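Here's the structure, in structure tokens; my notes come after.
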Amino acid sequence: MRGGGLWQLGQSITRRLAQGDKKGVARRYFASEAELKKTVLYDFHVAHGGKMVPFAGWGMPIQYKDSIMDSTVNCRENGGLFDVSHMCGLSLKGKDSIPFLEKLVIADVAGLAPGTGTLTVFTNEKGGAIDDSVVTKVTDDHIYLVVNAGCRDKDLAHIEEHMKAFKAKGGDVSWHIHDERSLLALQGPLAAPTLQHLTKEDLSKFYFGEFRILDINGAHCFLTRTGYTGEDGFEISVPDENALDLAKAILEKSEGKVRLTGLGARDSLRLEAGLCLYGNDMEQHITPVEAGLTWAIGKRRRAEGGFLGAETILKQLADGPSIRRVGFISSGPPARGHSEIQNEKGETIGEVTSGGFSPCLKKNIAMGYVKSGNHKAGTKVKIVVRGKAYDGTVTKMPFVPTKYYKPT
């Protein structure tokens, strides 16, 4: 989905269903079930009112009985439980797994403490983003990472191609794709208190970006304190056979305050948090520097390079990029992907990549790319929606303050 399209799609489906146009919705939005992969929780979503849509080859819930607006607000006030099992978890193992991965990503993986992780970007030879990923150093010879569902095939092909060449030169690295596991994201202020009921581990000593392998609700889980909402929360990799019981237990222990939450709200939450959606805000021709992810390039990596596209990226670090990702607040109808951005003289200076109405701020927000020099917060712009220019202002992101759980 492009340009905040998940939010838009959810609203469109809701309107059509309200008008009784179930056949039209089925024809317009739903691929035949035979064409779509299903997560272990598919029937559970349907039983709870999930409106299932095709996404990256999977049948996924865009929303449930409550609106995307309500789901977004509830996640920030209480909590949301997301099935993100369509995403691809994998492990790299072997004594050379870190040097191998560092050829493909911008992170200083070697510099991570065991049991910690970071956001990183897989780059191509030109420095563009192949995908973004959260990479965790479990031990010095075990790396766990999660890649986006829509990028799975190209990411795995890319990793495999380079792994064959690396191993041919004597490198010790192998991989395992965790297709036997499901992935749940528990997000919001009630995430930790709710999950604490289901594990003996003391979660108060477990901080943002940390990873542990532990028992949750009797299942052997990979737990990462991270998420895609800007809220405190966790991503839980759980064996498929235990996923349904875990989802039920989380909802039960929250006494109904944590709700099942779909992709529509996930999109509005990540936009409010100023987080990129690959395919919208990052693509093969956009570098991490242009995307505002300079902080993800480890200090050692800046000095040594050694990753694909390093020459381009290090030059941008030295000279500055020609375009930059920024946030906007705008008037009029919400901006969508590909909306033109103009300066006050009416000259084109960029394009919106994601946009929508913020359920929490009750105003239009967007992000996009502008020519350097137009990127300072407070810069006045015009955003063209359906042929008409509306006032906008470059705004610092995140739009909604993040609440990651860090040591005080």
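If you're wondering about the labels, chains in the structure tokens are A, B, ... by order shown, residues count from 1 in each chain, ligands from 1 in order shown.
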Need to verify the contact set: range 77-83 of chain A, 10 Å, only C-alpha atoms, exclusion of same-chain residues closer than 3 positions in sequence. Can you return it as a VMD selection string? chain A and resid 39 to 42 45 60 to 61 71 to 74 86 to 87 182 to 192 194 229 231 to 236 243 247 250 to 251 254 256 to 263 265 to 266 360
Counting only C-alpha atoms, what is within 6 Å of Gly127 in chain A, bar same-chain residues fewer than 4 positions away, as a PyMOL selection string? chain A and resi 123+287+309+312-313
What does the file look like for those residues with N, CA, C and O atoms, as a compact mmCIF listing (two decimals), in the first residue's frame?
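Dumped to result36.txt:
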# COMPACT_ATOMS: atom_id res chain seq x y z
N THR A 123 21.41 -2.15 2.12
CA THR A 123 21.66 -1.21 1.03
C THR A 123 22.09 -1.95 -0.24
O THR A 123 22.60 -3.08 -0.18
N THR A 287 18.56 6.77 -0.11
CA THR A 287 19.61 6.32 0.81
C THR A 287 19.17 6.54 2.26
O THR A 287 18.27 7.35 2.54
N GLY A 309 27.30 0.17 -1.23
CA GLY A 309 26.91 1.56 -1.42
C GLY A 309 27.59 2.53 -0.48
O GLY A 309 27.21 3.71 -0.40
N THR A 312 28.77 6.07 -1.80
CA THR A 312 27.70 7.08 -1.98
C THR A 312 27.25 7.63 -0.63
O THR A 312 27.12 8.86 -0.45
N ILE A 313 27.02 6.73 0.32
CA ILE A 313 26.48 7.13 1.63
C ILE A 313 27.49 7.98 2.40
O ILE A 313 27.14 9.02 3.00
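From CA of Gly89 in chain A back to CA of Gly111 in chain A, the distance works out to 21.7 Å.
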Give me the residues within 8 Å of Trp175 in chain A as number ranges by chain, counting only C-alpha atoms and dropping any in the same chain fewer than 5 places off. A: 90-93
Same residues, C-alpha atoms, output as a PDB file, in the first residue's frame:
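Result went into selection-v2.pdb, see below:
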ATOM      1  CA  LEU A  90      15.404 -15.320  10.369  1.00  0.00           C
ATOM      2  CA  SER A  91      18.561 -16.289  12.230  1.00  0.00           C
ATOM      3  CA  LEU A  92      22.148 -16.151  10.990  1.00  0.00           C
ATOM      4  CA  LYS A  93      24.553 -18.481  12.797  1.00  0.00           C
TER       5      LYS A  93
END
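Closest approach to Glu351 in chain A from the set A:Lys371, A:Lys126, A:Lys253, A:His142 is made by A:Lys371, with distances taken over only C-alpha atoms.
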Nearby residues (only C-alpha atoms) at most 10 Å from Val381 in chain A, same-chain spacing under 2 positions excluded, as a list in words: Phe328, Ile329, Ser330, Ile341, Gln342, Asn343, Glu344, Lys345, Gly346, Glu347, Thr348, Ile349, Asn374, Gly378, Thr379, Ile383, Val384, Ala389, Tyr390, Asp391, Gly392, Thr393 and Val394 of chain A
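As for CA of Gly170 in chain A and CA of Thr116 in chain A, they are spaced 27.8 Å apart.
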Which neighbours of Met163 in chain A fall inside 12 Å, counting only C-alpha atoms, when residues of the same chain fewer than 3 positions from it are skipped, and could you give them as a CSV table (one decimal) with N, CA and C atoms, in the first residue's frame?
chain,number,residue,atom,x,y,z
A,92,LEU,N,20.8,-15.9,11.6
A,92,LEU,CA,22.1,-16.2,11.0
A,92,LEU,C,23.0,-16.7,12.1
A,93,LYS,N,23.7,-17.9,11.8
A,93,LYS,CA,24.6,-18.5,12.8
A,93,LYS,C,25.9,-18.8,12.2
A,94,GLY,N,26.9,-18.9,13.1
A,94,GLY,CA,28.3,-19.2,12.6
A,94,GLY,C,29.2,-18.1,13.1
A,96,ASP,N,31.3,-16.3,11.6
A,96,ASP,CA,31.4,-15.2,10.7
A,96,ASP,C,30.1,-14.5,10.4
A,97,SER,N,29.1,-14.8,11.2
A,97,SER,CA,27.8,-14.2,10.8
A,97,SER,C,27.8,-12.7,10.9
A,98,ILE,N,28.5,-12.1,11.9
A,98,ILE,CA,28.5,-10.7,12.0
A,98,ILE,C,29.3,-10.0,10.9
A,99,PRO,N,30.5,-10.4,10.5
A,99,PRO,CA,31.2,-9.8,9.4
A,99,PRO,C,30.4,-10.0,8.1
A,100,PHE,N,29.7,-11.2,8.0
A,100,PHE,CA,28.9,-11.4,6.8
A,100,PHE,C,27.8,-10.3,6.7
A,101,LEU,N,27.0,-10.2,7.8
A,101,LEU,CA,25.9,-9.3,7.8
A,101,LEU,C,26.4,-7.8,7.6
A,102,GLU,N,27.5,-7.5,8.2
A,102,GLU,CA,28.0,-6.1,8.1
A,102,GLU,C,28.4,-5.7,6.6
A,103,LYS,N,28.5,-6.6,5.7
A,103,LYS,CA,28.7,-6.3,4.3
A,103,LYS,C,27.4,-5.8,3.7
A,104,LEU,N,26.3,-6.2,4.3
A,104,LEU,CA,25.0,-5.9,3.7
A,104,LEU,C,24.2,-4.8,4.4
A,156,LEU,N,15.5,-12.2,0.8
A,156,LEU,CA,16.1,-13.6,1.0
A,156,LEU,C,17.0,-13.9,-0.2
A,157,ALA,N,16.6,-13.5,-1.4
A,157,ALA,CA,17.4,-13.8,-2.6
A,157,ALA,C,18.8,-13.0,-2.5
A,158,HIS,N,18.7,-11.8,-2.0
A,158,HIS,CA,19.8,-10.9,-1.8
A,158,HIS,C,20.8,-11.5,-0.8
A,159,ILE,N,20.3,-11.9,0.3
A,159,ILE,CA,21.1,-12.5,1.4
A,159,ILE,C,21.7,-13.8,0.9
A,160,GLU,N,20.9,-14.6,0.3
A,160,GLU,CA,21.4,-15.9,-0.2
A,160,GLU,C,22.5,-15.8,-1.2
A,166,PHE,N,30.2,-15.6,0.0
A,166,PHE,CA,30.9,-15.5,1.3
A,166,PHE,C,31.4,-16.8,1.7
A,167,LYS,N,30.5,-17.8,1.7
A,167,LYS,CA,30.9,-19.2,2.1
A,167,LYS,C,31.9,-19.8,1.1
A,168,ALA,N,31.8,-19.4,-0.2
A,168,ALA,CA,32.8,-20.0,-1.1
A,168,ALA,C,34.2,-19.5,-0.8
A,169,LYS,N,34.3,-18.4,-0.1
A,169,LYS,CA,35.6,-17.9,0.3
A,169,LYS,C,36.1,-18.4,1.7
A,170,GLY,N,35.3,-19.4,2.2
A,170,GLY,CA,35.6,-20.0,3.5
A,170,GLY,C,34.9,-19.4,4.7
A,171,GLY,N,33.9,-18.5,4.5
A,171,GLY,CA,33.2,-17.9,5.6
A,171,GLY,C,32.3,-18.9,6.3
A,172,ASP,N,32.2,-18.8,7.6
A,172,ASP,CA,31.3,-19.7,8.4
A,172,ASP,C,30.0,-19.0,8.8
A,173,VAL,N,29.0,-19.2,8.0
A,173,VAL,CA,27.7,-18.6,8.2
A,173,VAL,C,26.6,-19.5,7.6
A,174,SER,N,25.5,-19.6,8.4
A,174,SER,CA,24.4,-20.4,7.8
A,174,SER,C,23.1,-19.6,8.3
A,175,TRP,N,22.0,-20.0,7.8
A,175,TRP,CA,20.8,-19.3,8.2
A,175,TRP,C,19.6,-20.2,8.4
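Near Gly355 in chain A, within 9 Å and counting only C-alpha atoms, sit Gly3, Gly4, Gly5, Ser268, Leu271, Phe328, Pro334, Ala335, Arg336, Gly337, Val352, Thr353, Phe357, Ser358, Asn364, Ile365, Ala366, Met367 and Gly368 of chain A; same-chain residues fewer than 2 positions away were not included.
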As a VMD selection string, please: every residue in range 80-259 of chain A that DSSP puts in strand (DSSP E or B). chain A and resid 80 to 83 88 to 93 105 116 to 123 129 to 139 142 to 147 174 to 177 181 to 187 210 to 216 219 to 224 233 to 239 258 to 259
Selection above as a file: C-alpha atoms, as a short mmCIF file (atom, residue, chain, number, x, y, z; two decimals), in the first residue's frame:
data_model
loop_
_atom_site.label_atom_id
_atom_site.label_comp_id
_atom_site.auth_asym_id
_atom_site.auth_seq_id
_atom_site.Cartn_x
_atom_site.Cartn_y
_atom_site.Cartn_z
CA GLY A 80 -3.13 -2.99 20.87
CA LEU A 81 -2.31 -6.56 19.86
CA PHE A 82 -1.20 -6.96 16.24
CA ASP A 83 -0.67 -10.16 14.28
CA CYS A 88 9.86 -12.78 8.02
CA GLY A 89 12.06 -13.66 10.97
CA LEU A 90 15.40 -15.32 10.37
CA SER A 91 18.56 -16.29 12.23
CA LEU A 92 22.15 -16.15 10.99
CA LYS A 93 24.55 -18.48 12.80
CA VAL A 105 23.75 -3.43 6.37
CA THR A 116 20.48 -5.93 22.10
CA GLY A 117 19.37 -4.76 18.68
CA THR A 118 18.93 -1.75 16.44
CA LEU A 119 17.12 -0.56 13.35
CA THR A 120 19.23 -0.99 10.23
CA VAL A 121 18.97 -0.77 6.45
CA PHE A 122 20.01 -3.28 3.78
CA THR A 123 21.66 -1.21 1.03
CA ALA A 129 17.55 0.99 0.60
CA ILE A 130 16.64 -2.61 -0.24
CA ASP A 131 14.73 -2.88 3.05
CA ASP A 132 14.81 -1.77 6.66
CA SER A 133 15.06 -4.31 9.45
CA VAL A 134 15.50 -4.68 13.19
CA VAL A 135 18.68 -6.69 13.75
CA THR A 136 19.54 -8.27 17.10
CA LYS A 137 22.84 -9.67 18.26
CA VAL A 138 21.73 -12.67 20.32
CA THR A 139 25.33 -13.84 20.81
CA HIS A 142 23.82 -15.76 16.40
CA ILE A 143 22.01 -12.83 14.77
CA TYR A 144 18.20 -12.58 14.69
CA LEU A 145 16.48 -10.20 12.30
CA VAL A 146 13.00 -9.48 10.94
CA VAL A 147 12.40 -8.23 7.40
CA SER A 174 24.36 -20.37 7.83
CA TRP A 175 20.75 -19.28 8.16
CA HIS A 176 17.36 -20.48 9.31
CA ILE A 177 14.10 -18.86 8.24
CA ARG A 181 6.96 -19.27 14.28
CA SER A 182 4.32 -16.54 14.45
CA LEU A 183 5.01 -12.92 15.37
CA LEU A 184 2.76 -10.83 17.63
CA ALA A 185 3.27 -7.15 18.45
CA LEU A 186 1.90 -6.00 21.81
CA GLN A 187 2.01 -2.20 21.99
CA GLU A 210 16.74 -5.54 24.22
CA PHE A 211 16.11 -9.19 23.31
CA ARG A 212 15.62 -12.33 25.36
CA ILE A 213 14.68 -15.95 24.80
CA LEU A 214 12.22 -16.89 27.53
CA ASP A 215 9.00 -18.69 28.39
CA ILE A 216 5.77 -16.73 27.94
CA ALA A 219 5.82 -21.22 25.22
CA HIS A 220 9.48 -20.80 24.20
CA CYS A 221 9.52 -17.23 22.80
CA PHE A 222 11.92 -14.67 21.34
CA LEU A 223 11.01 -11.37 22.99
CA THR A 224 12.19 -7.96 21.72
CA GLY A 233 5.81 -2.56 23.62
CA PHE A 234 7.11 -5.92 22.50
CA GLU A 235 7.40 -8.12 19.47
CA ILE A 236 6.93 -11.76 20.44
CA SER A 237 8.13 -14.58 18.19
CA VAL A 238 6.16 -17.64 19.33
CA PRO A 239 5.93 -21.19 17.94
CA VAL A 258 -5.82 -4.34 25.01
CA ARG A 259 -7.71 -4.87 21.75
#
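The coordinates place CA of Glu125 in chain A at 9.0 Å from CA of Glu311 in chain A.
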Go through range 235-374 of chain A and collect every residue that DSSP, computed from the backbone, puts in alpha helix (DSSP H); the answer should be as number ranges by chain. A: 240-253, 263-272, 299-304, 310-319
Generate the output file for the selected residues, C-alpha atoms, as a tab-separated table (two decimals), in the first residue's frame.
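Generated output (out00.tsv):
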chain	number	residue	atom	x	y	z
A	240	ASP	CA	2.92	-21.49	15.62
A	241	GLU	CA	1.27	-24.09	17.86
A	242	ASN	CA	1.30	-21.67	20.82
A	243	ALA	CA	0.30	-18.45	19.01
A	244	LEU	CA	-3.48	-18.70	19.43
A	245	ASP	CA	-3.29	-19.49	23.16
A	246	LEU	CA	-0.87	-16.59	23.67
A	247	ALA	CA	-3.10	-14.11	21.81
A	248	LYS	CA	-6.11	-15.20	23.87
A	249	ALA	CA	-4.13	-14.97	27.13
A	250	ILE	CA	-2.92	-11.44	26.37
A	251	LEU	CA	-6.44	-10.21	25.64
A	252	GLU	CA	-7.80	-11.93	28.76
A	253	LYS	CA	-5.09	-10.64	31.12
A	263	LEU	CA	-3.02	-2.87	9.73
A	264	GLY	CA	-5.03	0.34	9.26
A	265	ALA	CA	-4.33	1.55	12.79
A	266	ARG	CA	-0.76	0.26	12.56
A	267	ASP	CA	-0.25	2.57	9.59
A	268	SER	CA	-1.66	5.65	11.35
A	269	LEU	CA	0.33	4.84	14.51
A	270	ARG	CA	3.65	4.54	12.66
A	271	LEU	CA	2.93	7.75	10.72
A	272	GLU	CA	2.23	9.63	13.97
A	299	LYS	CA	30.33	5.38	14.04
A	300	ARG	CA	32.78	2.62	13.12
A	301	ARG	CA	30.89	2.01	9.85
A	302	ARG	CA	31.20	5.71	8.96
A	303	ALA	CA	34.94	5.46	9.44
A	304	GLU	CA	35.49	2.10	7.76
A	310	ALA	CA	29.25	2.91	1.27
A	311	GLU	CA	30.97	5.29	-1.15
A	312	THR	CA	27.70	7.08	-1.98
A	313	ILE	CA	26.48	7.13	1.63
A	314	LEU	CA	29.77	8.35	3.13
A	315	LYS	CA	29.92	11.13	0.50
A	316	GLN	CA	26.41	12.24	1.50
A	317	LEU	CA	27.46	12.24	5.15
A	318	ALA	CA	30.37	14.53	4.27
A	319	ASP	CA	28.63	16.85	1.77
